$ cat upload.cif   # mmCIF, C-alpha atoms
data_final
#
loop_
_atom_site.label_atom_id
_atom_site.label_comp_id
_atom_site.auth_asym_id
_atom_site.auth_seq_id
_atom_site.Cartn_x
_atom_site.Cartn_y
_atom_site.Cartn_z
CA MET A 300 0.00 0.00 0.00
CA VAL A 301 2.80 2.44 0.83
CA PRO A 302 4.46 1.78 -2.56
CA PHE A 303 1.15 2.29 -4.34
CA LEU A 304 0.41 5.58 -2.57
CA THR A 305 3.88 7.01 -3.04
CA ILE A 306 4.63 5.82 -6.58
CA PHE A 307 1.25 6.11 -8.30
CA LEU A 308 -0.48 8.88 -6.33
CA GLY A 309 2.54 10.93 -5.33
CA VAL A 310 1.74 10.90 -1.63
CA PRO A 311 4.79 11.81 0.51
CA PRO A 312 6.20 8.72 2.31
CA LEU A 313 5.35 9.94 5.80
CA SER A 314 1.67 10.52 4.93
CA ALA A 315 1.54 7.15 3.17
CA ILE A 316 3.09 5.36 6.16
CA GLY A 317 0.70 7.15 8.56
CA ALA A 318 -2.35 6.12 6.52
CA SER A 319 -1.10 2.57 6.09
CA ILE A 320 -0.39 1.91 9.77
CA VAL A 321 -3.87 3.17 10.70
CA SER A 322 -5.41 0.61 8.36
CA VAL A 323 -3.21 -2.13 9.84
CA ILE A 324 -5.02 -1.64 13.16
CA ALA A 325 -8.34 -1.88 11.34
CA THR A 326 -7.60 -5.26 9.76
CA SER A 327 -5.94 -6.78 12.81
CA SER A 328 -8.73 -5.78 15.17
CA GLY A 329 -11.38 -6.97 12.73
CA ALA A 330 -9.89 -10.38 11.96
CA GLY A 331 -8.16 -10.84 15.31
CA SER A 332 -11.33 -10.78 17.38
CA ALA A 333 -12.71 -13.77 15.52
CA TYR A 334 -9.59 -15.80 16.22
CA VAL A 335 -9.47 -15.18 19.97
CA LYS A 336 -12.85 -16.86 20.30
CA ASP A 337 -11.40 -19.93 18.56
CA GLY A 338 -9.18 -20.48 21.57
CA ILE A 339 -6.09 -20.84 19.39
CA THR A 340 -4.53 -17.41 20.00
CA ASN A 341 -2.13 -17.55 22.94
CA LEU A 342 -2.63 -14.29 24.82
CA ARG A 343 0.23 -14.97 27.24
CA ILE A 344 2.85 -15.60 24.58
CA GLY A 345 1.50 -12.69 22.54
CA MET A 346 1.58 -10.21 25.40
CA PHE A 347 5.05 -11.32 26.53
CA LEU A 348 6.39 -10.67 23.02
CA GLU A 349 4.53 -7.35 22.75
CA LEU A 350 7.17 -6.03 25.16
CA ALA A 351 9.64 -6.29 22.26
CA THR A 352 7.36 -5.34 19.34
CA THR A 353 5.97 -2.16 20.91
CA THR A 354 9.45 -0.98 21.89
CA GLY A 355 10.64 -1.66 18.34
CA ALA A 356 7.62 0.07 16.84
CA VAL A 357 8.27 3.25 18.86
CA MET A 358 11.90 3.29 17.68
CA GLY A 359 10.83 2.66 14.08
CA ALA A 360 8.28 5.47 14.07
CA VAL A 361 10.74 7.95 15.57
CA LEU A 362 13.41 6.87 13.09
CA THR A 363 11.17 7.24 10.04
CA ILE A 364 10.01 10.71 11.14
CA ALA A 365 13.63 11.76 11.69
CA LEU A 366 14.66 10.44 8.25
CA ALA A 367 11.76 12.22 6.52
CA ARG A 368 12.64 15.48 8.24
CA ALA A 369 16.27 15.19 7.21
CA ASN A 370 15.14 14.56 3.59
CA LEU A 371 16.62 11.09 3.76
CA GLU A 372 13.41 9.50 2.56
CA TRP A 373 15.32 7.36 0.08
CA VAL A 374 16.55 5.29 3.02
CA VAL A 375 12.92 4.39 3.75
CA TYR A 376 12.30 3.56 0.07
CA VAL A 377 15.36 1.33 -0.18
CA THR A 378 14.63 -0.40 3.16
CA PHE A 379 11.11 -1.03 1.96
CA GLY A 380 12.32 -2.52 -1.30
CA ILE A 381 14.75 -4.83 0.48
CA VAL A 382 12.17 -5.94 3.08
CA LEU A 383 9.67 -6.70 0.29
CA LEU A 384 12.21 -8.75 -1.62
CA LEU A 385 13.19 -10.66 1.52
CA SER A 386 9.54 -11.36 2.36
CA VAL A 387 9.27 -13.34 -0.88
CA VAL A 388 11.80 -15.92 0.33
CA PRO A 389 9.62 -17.62 2.99
CA LEU A 390 6.67 -17.42 0.57
CA MET A 391 8.56 -19.39 -2.05
CA ARG A 392 9.78 -22.01 0.36
CA ARG A 393 7.05 -24.37 1.34
CA ILE A 394 6.76 -24.31 5.14
CA GLY A 395 6.25 -27.77 6.60
CA GLU A 396 2.79 -28.54 7.94
CA GLU A 397 3.93 -30.95 10.62
CA LEU A 398 3.56 -30.14 14.28
CA PRO A 399 6.74 -29.38 16.22
CA VAL A 400 7.95 -32.35 18.28
CA GLY A 401 10.43 -32.74 21.10
CA VAL A 402 10.41 -29.08 22.14
CA THR A 403 12.22 -28.40 25.42
CA PRO A 404 11.35 -25.05 26.99
CA ASP A 405 14.00 -22.49 27.89
CA ALA A 406 14.17 -20.93 31.35
CA ILE A 407 11.86 -18.00 30.54
CA SER A 408 9.27 -20.15 28.80
CA ARG A 409 9.20 -22.54 31.75
CA ARG A 410 9.01 -19.79 34.34
CA LEU A 411 6.21 -17.91 32.54
CA GLU A 412 4.48 -21.10 31.41
CA LEU A 413 4.56 -20.11 27.76
CA ASN A 414 2.56 -23.12 26.62
CA GLY A 415 -0.95 -23.99 25.69
CA GLY A 416 -3.32 -26.30 23.93
CA TYR A 417 -6.14 -26.12 21.43
CA TYR A 418 -8.51 -28.41 19.58
CA ASP A 419 -7.42 -28.80 15.97
CA GLN A 420 -10.50 -29.14 13.78
CA ALA A 421 -8.57 -30.47 10.79
CA LEU A 422 -6.69 -33.14 12.74
CA LYS A 423 -9.66 -33.76 15.05
CA THR A 424 -7.47 -33.92 18.12
CA ARG A 425 -6.23 -31.74 20.95
CA ILE A 426 -2.77 -30.28 20.41
CA ASP A 427 -0.62 -29.32 23.39
CA TYR A 428 2.46 -27.27 22.75
CA GLN A 429 5.36 -25.61 24.51
CA ALA A 430 7.37 -22.53 23.52
CA THR A 431 11.15 -22.49 23.45
CA ARG A 432 13.99 -20.04 22.68
CA SER A 433 12.07 -17.04 23.96
CA PRO A 434 15.12 -14.69 23.82
CA LEU A 435 15.35 -15.39 20.08
CA GLY A 436 11.60 -14.74 19.82
CA LEU A 437 12.05 -11.40 21.56
CA VAL A 438 14.89 -10.36 19.22
CA ILE A 439 12.95 -11.20 16.04
CA MET A 440 9.87 -9.50 17.48
CA TYR A 441 11.87 -6.35 18.19
CA ALA A 442 12.95 -6.32 14.54
CA ALA A 443 9.34 -6.90 13.48
CA GLY A 444 8.21 -3.94 15.56
CA LEU A 445 11.02 -1.74 14.22
CA ILE A 446 10.10 -2.51 10.61
CA SER A 447 6.41 -2.05 11.38
CA GLY A 448 7.01 1.43 12.79
CA LEU A 449 9.56 2.35 10.13
CA LEU A 450 7.47 1.34 7.11
CA GLY A 451 3.91 1.46 8.41
CA ILE A 452 3.23 -2.22 7.76
CA GLY A 453 1.98 -4.99 10.05
CA SER A 454 5.11 -7.14 9.47
CA GLY A 455 3.03 -10.24 10.16
CA ALA A 456 5.41 -12.45 8.19
CA LEU A 457 8.27 -11.64 10.53
CA LYS A 458 6.05 -12.22 13.56
CA VAL A 459 5.02 -15.63 12.27
CA LEU A 460 8.70 -16.38 11.67
CA ALA A 461 9.51 -15.56 15.31
CA LEU A 462 6.69 -17.74 16.65
CA ASP A 463 6.87 -20.61 14.19
CA VAL A 464 10.56 -20.96 13.38
CA GLY A 465 11.96 -19.18 16.44
CA MET A 466 9.81 -20.43 19.30
CA LYS A 467 8.61 -23.62 17.57
CA LEU A 468 4.88 -23.11 18.05
CA PRO A 469 2.32 -24.87 15.84
CA MET A 470 1.56 -22.90 12.64
CA LYS A 471 -2.06 -22.19 13.57
CA VAL A 472 -1.04 -20.78 16.95
CA SER A 473 1.67 -18.69 15.26
CA SER A 474 -0.62 -17.16 12.64
CA THR A 475 -3.49 -16.35 15.01
CA THR A 476 -1.23 -15.01 17.76
CA SER A 477 0.70 -12.85 15.29
CA ASN A 478 -2.57 -11.46 13.96
CA PHE A 479 -3.55 -10.44 17.47
CA MET A 480 -0.15 -8.88 18.05
CA ILE A 481 -0.15 -6.78 14.87
CA GLY A 482 -2.89 -4.47 16.19
CA VAL A 483 -1.15 -3.72 19.48
CA THR A 484 2.21 -3.18 17.74
CA ALA A 485 0.60 -0.86 15.21
CA ALA A 486 -1.05 1.09 18.04
CA ALA A 487 2.39 1.93 19.46
CA SER A 488 3.61 3.56 16.22
CA THR A 489 0.21 4.92 15.16
CA GLY A 490 -0.01 6.70 18.50
CA ILE A 491 3.12 8.61 17.57
CA PHE A 492 2.14 9.36 13.95
CA TYR A 493 -1.39 10.34 14.91
CA LEU A 494 -0.73 12.42 18.02
CA ALA A 495 2.31 14.14 16.49
CA GLY A 496 0.11 15.15 13.55
CA TYR A 497 1.59 13.01 10.77
CA VAL A 498 -1.64 11.32 9.73
CA ASN A 499 -3.18 13.07 6.73
CA PRO A 500 -6.98 12.63 7.02
CA PHE A 501 -7.44 13.04 3.26
CA VAL A 502 -5.20 10.02 2.64
CA ALA A 503 -6.00 7.96 5.75
CA ALA A 504 -9.82 8.07 5.49
CA PRO A 505 -10.21 6.38 2.08
CA VAL A 506 -7.35 3.95 2.78
CA MET A 507 -8.84 2.88 6.11
CA MET A 508 -12.37 2.48 4.74
CA GLY A 509 -11.14 0.67 1.64
CA VAL A 510 -9.01 -1.77 3.61
CA LEU A 511 -11.85 -2.56 6.01
CA LEU A 512 -14.40 -3.09 3.24
CA GLY A 513 -11.89 -5.16 1.26
CA SER A 514 -10.95 -7.36 4.20
CA VAL A 515 -14.51 -8.68 4.63
CA PRO A 516 -14.86 -10.47 1.25
CA GLY A 517 -11.07 -10.94 1.20
CA THR A 518 -11.12 -13.17 4.27
CA ARG A 519 -13.99 -15.21 2.81
CA ILE A 520 -12.22 -15.71 -0.50
CA LEU A 521 -8.96 -16.48 1.29
CA VAL A 522 -10.53 -19.33 3.24
CA ARG A 523 -11.69 -20.99 0.04
CA THR A 524 -8.54 -20.36 -1.98
CA LYS A 525 -5.56 -22.70 -2.06
CA ASN A 526 -2.46 -21.33 -0.34
CA SER A 527 -0.42 -22.14 -3.42
CA SER A 528 -2.62 -20.05 -5.75
CA ILE A 529 -2.43 -17.08 -3.39
CA ARG A 530 1.35 -17.36 -3.39
CA LYS A 531 1.50 -17.50 -7.18
CA LEU A 532 -0.54 -14.29 -7.33
CA PHE A 533 1.41 -12.46 -4.65
CA ILE A 534 5.01 -13.20 -5.54
CA PRO A 535 5.14 -11.27 -8.87
CA VAL A 536 3.17 -8.36 -7.36
CA ILE A 537 5.60 -8.07 -4.45
CA VAL A 538 8.68 -8.34 -6.67
CA ILE A 539 7.44 -5.60 -9.02
CA LEU A 540 6.67 -3.27 -6.11
CA ALA A 541 10.03 -4.00 -4.50
CA VAL A 542 11.91 -3.13 -7.68
CA GLU A 543 9.90 0.08 -8.10
CA MET A 544 10.64 1.13 -4.54
CA LEU A 545 14.35 0.48 -5.02
CA ILE A 546 14.40 2.50 -8.26
CA HIS A 547 12.48 5.30 -6.55
CA GLY A 548 14.97 5.39 -3.70
CA ALA A 549 18.11 5.18 -5.81
CA MET B 94 -15.90 -5.31 21.82
CA LEU B 95 -13.04 -4.98 19.35
CA ARG B 96 -15.36 -5.22 16.42
CA CYS B 97 -17.49 -2.47 18.03
CA GLY B 98 -14.48 -0.15 18.10
CA VAL B 99 -13.63 -0.85 14.46
CA VAL B 100 -17.24 -0.46 13.30
CA ALA B 101 -17.71 2.76 15.29
CA SER B 102 -14.52 4.23 13.85
CA PHE B 103 -15.56 3.23 10.32
CA ILE B 104 -18.92 5.00 10.73
CA VAL B 105 -17.33 8.18 12.10
CA VAL B 106 -14.68 8.27 9.35
CA ALA B 107 -17.41 7.69 6.74
CA ILE B 108 -19.47 10.59 8.12
CA GLY B 109 -16.39 12.81 8.02
CA SER B 110 -15.67 11.80 4.42
CA VAL B 111 -19.26 12.52 3.34
CA LEU B 112 -19.02 15.94 5.00
CA LEU B 113 -15.74 16.53 3.17
CA PHE B 114 -17.40 15.80 -0.18
CA LEU B 115 -20.56 17.78 0.51
CA GLU B 116 -18.80 20.86 1.81
CA GLY B 117 -15.80 20.69 -0.49
CA GLN B 118 -13.55 22.02 2.26
CA THR B 119 -11.58 20.43 5.05
CA GLY B 120 -12.31 23.02 7.71
CA TYR B 121 -8.60 23.68 8.05
CA SER B 122 -6.09 23.58 5.23
CA PRO B 123 -6.69 24.63 1.61
CA MET B 124 -8.06 21.98 -0.70
CA GLY B 125 -7.06 22.56 -4.27
CA SER B 126 -4.24 20.75 -6.06
CA ALA B 127 -2.92 17.30 -5.23
CA GLU B 128 0.20 18.96 -3.83
CA GLN B 129 -1.89 20.82 -1.29
CA LEU B 130 -3.87 17.75 -0.33
CA PHE B 131 -0.85 15.51 0.14
CA ASP B 132 1.25 18.26 1.67
CA SER B 133 2.59 17.75 5.16
CA GLN B 134 0.52 20.78 6.22
CA ASN B 135 -2.48 18.56 5.63
CA ARG B 136 -2.37 16.58 8.82
CA SER B 137 -4.19 15.32 11.85
CA LEU B 138 -5.04 17.73 14.64
CA ILE B 139 -2.73 17.99 17.58
CA GLY B 140 -4.35 18.00 20.99
CA LEU B 141 -7.75 17.18 22.37
CA ALA B 142 -9.14 20.74 22.60
CA PRO B 143 -8.92 21.55 18.86
CA LEU B 144 -10.36 18.12 18.09
CA ILE B 145 -13.42 18.67 20.29
CA GLN B 146 -13.93 22.19 18.93
CA GLY B 147 -13.60 20.91 15.37
CA VAL B 148 -16.07 18.07 15.86
CA ALA B 149 -18.53 20.42 17.59
CA SER B 150 -18.49 22.71 14.55
CA ALA B 151 -18.66 19.67 12.21
CA LYS B 152 -15.37 20.34 10.44
CA PRO B 153 -14.81 17.36 8.10
CA TYR B 154 -11.17 16.76 9.05
CA ALA B 155 -11.96 16.86 12.76
CA VAL B 156 -14.68 14.23 12.33
CA ILE B 157 -12.31 11.95 10.37
CA ASP B 158 -9.65 12.47 13.05
CA LEU B 159 -12.12 11.47 15.74
CA GLY B 160 -12.86 8.23 13.88
CA LEU B 161 -9.15 7.47 13.51
CA GLY B 162 -8.73 8.18 17.23
CA VAL B 163 -11.43 5.62 18.07
CA LEU B 164 -9.60 3.10 15.90
CA LEU B 165 -6.31 3.80 17.69
CA ALA B 166 -8.01 3.40 21.08
CA THR B 167 -9.36 -0.06 20.19
CA PRO B 168 -6.15 -2.13 20.65
CA VAL B 169 -5.22 0.01 23.67
CA ALA B 170 -8.57 -0.92 25.24
CA ARG B 171 -7.80 -4.54 24.52
CA VAL B 172 -4.52 -4.34 26.45
CA VAL B 173 -6.33 -2.70 29.38
CA ILE B 174 -8.87 -5.54 29.38
CA SER B 175 -6.04 -8.09 29.29
CA VAL B 176 -4.57 -6.61 32.50
CA PHE B 177 -7.83 -7.40 34.31
CA LEU B 178 -8.09 -10.79 32.62
CA PHE B 179 -4.69 -11.83 33.99
CA MET B 180 -5.57 -10.34 37.38
CA ASP B 181 -8.62 -12.59 37.40
CA GLU B 182 -6.46 -15.61 36.57
CA LYS B 183 -4.04 -14.56 39.35
CA ARG B 184 -1.17 -14.64 36.88
CA TYR B 185 0.62 -11.69 38.41
CA ALA B 186 3.74 -11.97 36.25
CA PHE B 187 1.49 -11.35 33.24
CA VAL B 188 -0.33 -8.53 34.99
CA ALA B 189 3.08 -6.85 35.24
CA ILE B 190 4.02 -7.69 31.63
CA THR B 191 0.72 -6.41 30.25
CA ALA B 192 0.86 -3.27 32.39
CA THR B 193 4.36 -2.62 30.97
CA VAL B 194 3.04 -2.97 27.40
CA LEU B 195 0.28 -0.51 28.31
CA ALA B 196 2.87 1.86 29.76
CA ILE B 197 4.90 1.69 26.50
CA LEU B 198 1.76 2.49 24.48
CA LEU B 199 0.84 5.46 26.69
CA LEU B 200 4.44 6.65 26.75
CA SER B 201 4.59 6.63 22.95
CA MET B 202 1.40 8.65 22.73
CA PHE B 203 1.92 11.23 25.41
CA VAL B 204 5.69 11.53 25.79
CA VAL B 205 7.30 10.51 22.48
CA ALA B 206 4.68 11.98 20.14
CA PRO B 207 4.97 15.59 21.44
CA LEU B 208 8.77 15.31 21.12
CA VAL B 209 8.67 14.45 17.41
CA SER B 210 5.78 16.75 16.56
CA PRO B 211 6.62 19.27 13.82
#

$ encode --input "upload.cif" --output "structure tokens"
Amino acid sequence: MVPFLTIFLGVPPLSAIGASIVSVIATSSGAGSAYVKDGITNLRIGMFLELATTTGAVMGAVLTIALARANLEWVVYVTFGIVLLLSVVPLMRRIGEELPVGVTPDAISRRLELNGGYYDQALKTRIDYQATRSPLGLVIMYAAGLISGLLGIGSGALKVLALDVGMKLPMKVSSTTSNFMIGVTAAASTGIFYLAGYVNPFVAAPVMMGVLLGSVPGTRILVRTKNSSIRKLFIPVIVILAVEMLIHGA
Amino acid sequence: MLRCGVVASFIVVAIGSVLLFLEGQTGYSPMGSAEQLFDSQNRSLIGLAPLIQGVASAKPYAVIDLGLGVLLATPVARVVISVFLFMDEKRYAFVAITATVLAILLLSMFVVAPLVSP
């Protein structure tokens, strides 16, 4: 969305980022509330990691405002291009569906009881799980927050990476918990953009309404669409946008 | 609860946008070329008092800002609720963790934001 607003509509990066991060809250709060009722989202693990994401998001927002003021906006463009290109890598690699086995908790996970269980409707069985490597989770989450604040995106992919690959949680727990976390992370940076006066109502209003209206049929279509077809559609779109952002910044 | 916040903010932003179209003026900054509209002068209101005054006099931008404010408050409200949820479960370590997250959110809004304001 930020590439679209800046490249095709000529919106300054800061206004585009401000409008984008506002809409991130809208989608996360809309979709997230449905998941919590499913009993899959792990509120404890999510809140523990929010310590890192919110701190990162504050830093990211401050950094992006400082860069824009110093007319170093190209740094934001180039970072965006690189992050987009990197986000294609996990999309192209097929992530294994199997449940993590033989996970031994680290000291923090054991102390805070970062574990849980849910009923898996596809496997028709109850899945109990245990988190591990929570320091690694915190580090990746800090980076996710930083990028979220810097670029005005949800950085859900990085959050899933921290939960799934880093802390070895089942994929369903990772995706629902990251969805819940995105809204709180975005609130940290949006608070800065909004209260410091960097959100342009003329840009933010249509973006926010469009994203909300689009997310309703989008979620329905997404449920019925194969993951592989979605990937095939997304990968070229992301690559084109990434290249455009890099050219714009250079 | 969360959905309520999102729906309420959508309605308020929609009302503000309709006002903007009907009146053809923002209530604040000039509205002519794309440069003016996307300009950094064209931005959200700073402070509660101008927001309330703007909404009271039905200025389109103020109404949109109010809607965006409701949206921003939604996840914050969720964190507040979580504090009480953990208190109920007697998980005091998580009461402290969640309260810290809330403190970071409030700090970003009321301490960091004024520092980076133009």

$ closest_residue --input "upload.cif" --among "B:Met180, B:Glu116, B:Pro143, B:Pro153" --to "chain A" --atoms "only C-alpha atoms"
B:Pro153

$ interface_residues --input "upload.cif" --of "chain A" --to "chain B" --cutoff "8 Å" --atoms "only C-alpha atoms" --output "PDB file with C-alpha atoms, keeping the file's coordinate frame"
ATOM      1  CA  GLY A 309       2.540  10.930  -5.330  1.00  0.00           C
ATOM      2  CA  VAL A 310       1.740  10.900  -1.630  1.00  0.00           C
ATOM      3  CA  PRO A 311       4.790  11.810   0.510  1.00  0.00           C
ATOM      4  CA  SER A 314       1.670  10.520   4.930  1.00  0.00           C
ATOM      5  CA  VAL A 321      -3.870   3.170  10.700  1.00  0.00           C
ATOM      6  CA  ILE A 324      -5.020  -1.640  13.160  1.00  0.00           C
ATOM      7  CA  ALA A 325      -8.340  -1.880  11.340  1.00  0.00           C
ATOM      8  CA  SER A 328      -8.730  -5.780  15.170  1.00  0.00           C
ATOM      9  CA  GLY A 329     -11.380  -6.970  12.730  1.00  0.00           C
ATOM     10  CA  SER A 332     -11.330 -10.780  17.380  1.00  0.00           C
ATOM     11  CA  ARG A 343       0.230 -14.970  27.240  1.00  0.00           C
ATOM     12  CA  MET A 346       1.580 -10.210  25.400  1.00  0.00           C
ATOM     13  CA  PHE A 347       5.050 -11.320  26.530  1.00  0.00           C
ATOM     14  CA  GLU A 349       4.530  -7.350  22.750  1.00  0.00           C
ATOM     15  CA  LEU A 350       7.170  -6.030  25.160  1.00  0.00           C
ATOM     16  CA  THR A 353       5.970  -2.160  20.910  1.00  0.00           C
ATOM     17  CA  THR A 354       9.450  -0.980  21.890  1.00  0.00           C
ATOM     18  CA  VAL A 357       8.270   3.250  18.860  1.00  0.00           C
ATOM     19  CA  VAL A 361      10.740   7.950  15.570  1.00  0.00           C
ATOM     20  CA  ILE A 364      10.010  10.710  11.140  1.00  0.00           C
ATOM     21  CA  LEU A 411       6.210 -17.910  32.540  1.00  0.00           C
ATOM     22  CA  GLY A 482      -2.890  -4.470  16.190  1.00  0.00           C
ATOM     23  CA  VAL A 483      -1.150  -3.720  19.480  1.00  0.00           C
ATOM     24  CA  ALA A 486      -1.050   1.090  18.040  1.00  0.00           C
ATOM     25  CA  ALA A 487       2.390   1.930  19.460  1.00  0.00           C
ATOM     26  CA  SER A 488       3.610   3.560  16.220  1.00  0.00           C
ATOM     27  CA  THR A 489       0.210   4.920  15.160  1.00  0.00           C
ATOM     28  CA  GLY A 490      -0.010   6.700  18.500  1.00  0.00           C
ATOM     29  CA  ILE A 491       3.120   8.610  17.570  1.00  0.00           C
ATOM     30  CA  PHE A 492       2.140   9.360  13.950  1.00  0.00           C
ATOM     31  CA  TYR A 493      -1.390  10.340  14.910  1.00  0.00           C
ATOM     32  CA  LEU A 494      -0.730  12.420  18.020  1.00  0.00           C
ATOM     33  CA  ALA A 495       2.310  14.140  16.490  1.00  0.00           C
ATOM     34  CA  GLY A 496       0.110  15.150  13.550  1.00  0.00           C
ATOM     35  CA  TYR A 497       1.590  13.010  10.770  1.00  0.00           C
ATOM     36  CA  VAL A 498      -1.640  11.320   9.730  1.00  0.00           C
ATOM     37  CA  ASN A 499      -3.180  13.070   6.730  1.00  0.00           C
ATOM     38  CA  PRO A 500      -6.980  12.630   7.020  1.00  0.00           C
ATOM     39  CA  PHE A 501      -7.440  13.040   3.260  1.00  0.00           C
ATOM     40  CA  VAL A 502      -5.200  10.020   2.640  1.00  0.00           C
ATOM     41  CA  ALA A 504      -9.820   8.070   5.490  1.00  0.00           C
ATOM     42  CA  MET A 507      -8.840   2.880   6.110  1.00  0.00           C
ATOM     43  CA  MET A 508     -12.370   2.480   4.740  1.00  0.00           C
TER      44      MET A 508
END

$ atom_distance --input "upload.cif" --atom1 "CA of Met358 (chain A)" --atom2 "CA of Val301 (chain A)"
19.2 Å

$ atom_distance --input "upload.cif" --atom1 "CA of Gly444 (chain A)" --atom2 "CA of Thr484 (chain A)"
6.4 Å

$ closest_residue --input "upload.cif" --among "A:Gly548, A:Pro302, A:Pro535, A:Gly415" --to "Pro469 (chain A)" --atoms "all atoms listed in the file"
A:Gly415

$ closest_residue --input "upload.cif" --among "A:Gln420, A:Val542, A:Val506, A:Leu512" --to "Leu304 (chain A)" --atoms "only C-alpha atoms"
A:Val506

$ residues_near_point --input "upload.cif" --point "(6.1, -4.9, -8.1)" --cutoff "12 Å" --atoms "only C-alpha atoms" --output "JSON, numbers by chain"
{"A": [300, 302, 303, 306, 379, 380, 383, 384, 387, 532, 533, 534, 535, 536, 537, 538, 539, 540, 541, 542, 543, 544, 545, 546]}

$ write_last_selection --input "upload.cif" --atoms "C-alpha atoms" --output "PDB file, in the frame of the given file"
ATOM      1  CA  MET A 300       0.000   0.000   0.000  1.00  0.00           C
ATOM      2  CA  PRO A 302       4.460   1.780  -2.560  1.00  0.00           C
ATOM      3  CA  PHE A 303       1.150   2.290  -4.340  1.00  0.00           C
ATOM      4  CA  ILE A 306       4.630   5.820  -6.580  1.00  0.00           C
ATOM      5  CA  PHE A 379      11.110  -1.030   1.960  1.00  0.00           C
ATOM      6  CA  GLY A 380      12.320  -2.520  -1.300  1.00  0.00           C
ATOM      7  CA  LEU A 383       9.670  -6.700   0.290  1.00  0.00           C
ATOM      8  CA  LEU A 384      12.210  -8.750  -1.620  1.00  0.00           C
ATOM      9  CA  VAL A 387       9.270 -13.340  -0.880  1.00  0.00           C
ATOM     10  CA  LEU A 532      -0.540 -14.290  -7.330  1.00  0.00           C
ATOM     11  CA  PHE A 533       1.410 -12.460  -4.650  1.00  0.00           C
ATOM     12  CA  ILE A 534       5.010 -13.200  -5.540  1.00  0.00           C
ATOM     13  CA  PRO A 535       5.140 -11.270  -8.870  1.00  0.00           C
ATOM     14  CA  VAL A 536       3.170  -8.360  -7.360  1.00  0.00           C
ATOM     15  CA  ILE A 537       5.600  -8.070  -4.450  1.00  0.00           C
ATOM     16  CA  VAL A 538       8.680  -8.340  -6.670  1.00  0.00           C
ATOM     17  CA  ILE A 539       7.440  -5.600  -9.020  1.00  0.00           C
ATOM     18  CA  LEU A 540       6.670  -3.270  -6.110  1.00  0.00           C
ATOM     19  CA  ALA A 541      10.030  -4.000  -4.500  1.00  0.00           C
ATOM     20  CA  VAL A 542      11.910  -3.130  -7.680  1.00  0.00           C
ATOM     21  CA  GLU A 543       9.900   0.080  -8.100  1.00  0.00           C
ATOM     22  CA  MET A 544      10.640   1.130  -4.540  1.00  0.00           C
ATOM     23  CA  LEU A 545      14.350   0.480  -5.020  1.00  0.00           C
ATOM     24  CA  ILE A 546      14.400   2.500  -8.260  1.00  0.00           C
TER      25      ILE A 546
END

$ resolve_selection --input "upload.cif" --expression "the PyMOL selection byres ((chain A and resi 405) around 12)" --output "short mmCIF file (atom, residue, chain, number, x, y, z; two decimals) with C-alpha atoms, in the frame of the given file"
data_model
loop_
_atom_site.label_atom_id
_atom_site.label_comp_id
_atom_site.auth_asym_id
_atom_site.auth_seq_id
_atom_site.Cartn_x
_atom_site.Cartn_y
_atom_site.Cartn_z
CA VAL A 402 10.41 -29.08 22.14
CA THR A 403 12.22 -28.40 25.42
CA PRO A 404 11.35 -25.05 26.99
CA ALA A 406 14.17 -20.93 31.35
CA ILE A 407 11.86 -18.00 30.54
CA SER A 408 9.27 -20.15 28.80
CA ARG A 409 9.20 -22.54 31.75
CA ARG A 410 9.01 -19.79 34.34
CA LEU A 411 6.21 -17.91 32.54
CA GLU A 412 4.48 -21.10 31.41
CA LEU A 413 4.56 -20.11 27.76
CA ASN A 414 2.56 -23.12 26.62
CA GLN A 429 5.36 -25.61 24.51
CA ALA A 430 7.37 -22.53 23.52
CA THR A 431 11.15 -22.49 23.45
CA ARG A 432 13.99 -20.04 22.68
CA SER A 433 12.07 -17.04 23.96
CA PRO A 434 15.12 -14.69 23.82
CA LEU A 435 15.35 -15.39 20.08
CA GLY A 436 11.60 -14.74 19.82
CA MET A 466 9.81 -20.43 19.30
CA LYS A 467 8.61 -23.62 17.57
#

$ atom_distance --input "upload.cif" --atom1 "CA of Met440 (chain A)" --atom2 "CA of Leu348 (chain A)"
6.6 Å

$ residues_around --input "upload.cif" --residues "region 474-481 of chain A" --least-positions-apart "5" --cutoff "9 Å" --atoms "all atoms listed in the file" --output "PyMOL selection string"
chain A and resi 323-324+327-328+330-332+334-335+339-342+344-346+348-349+352+444+447+453-456+458-459+462-463+469+486
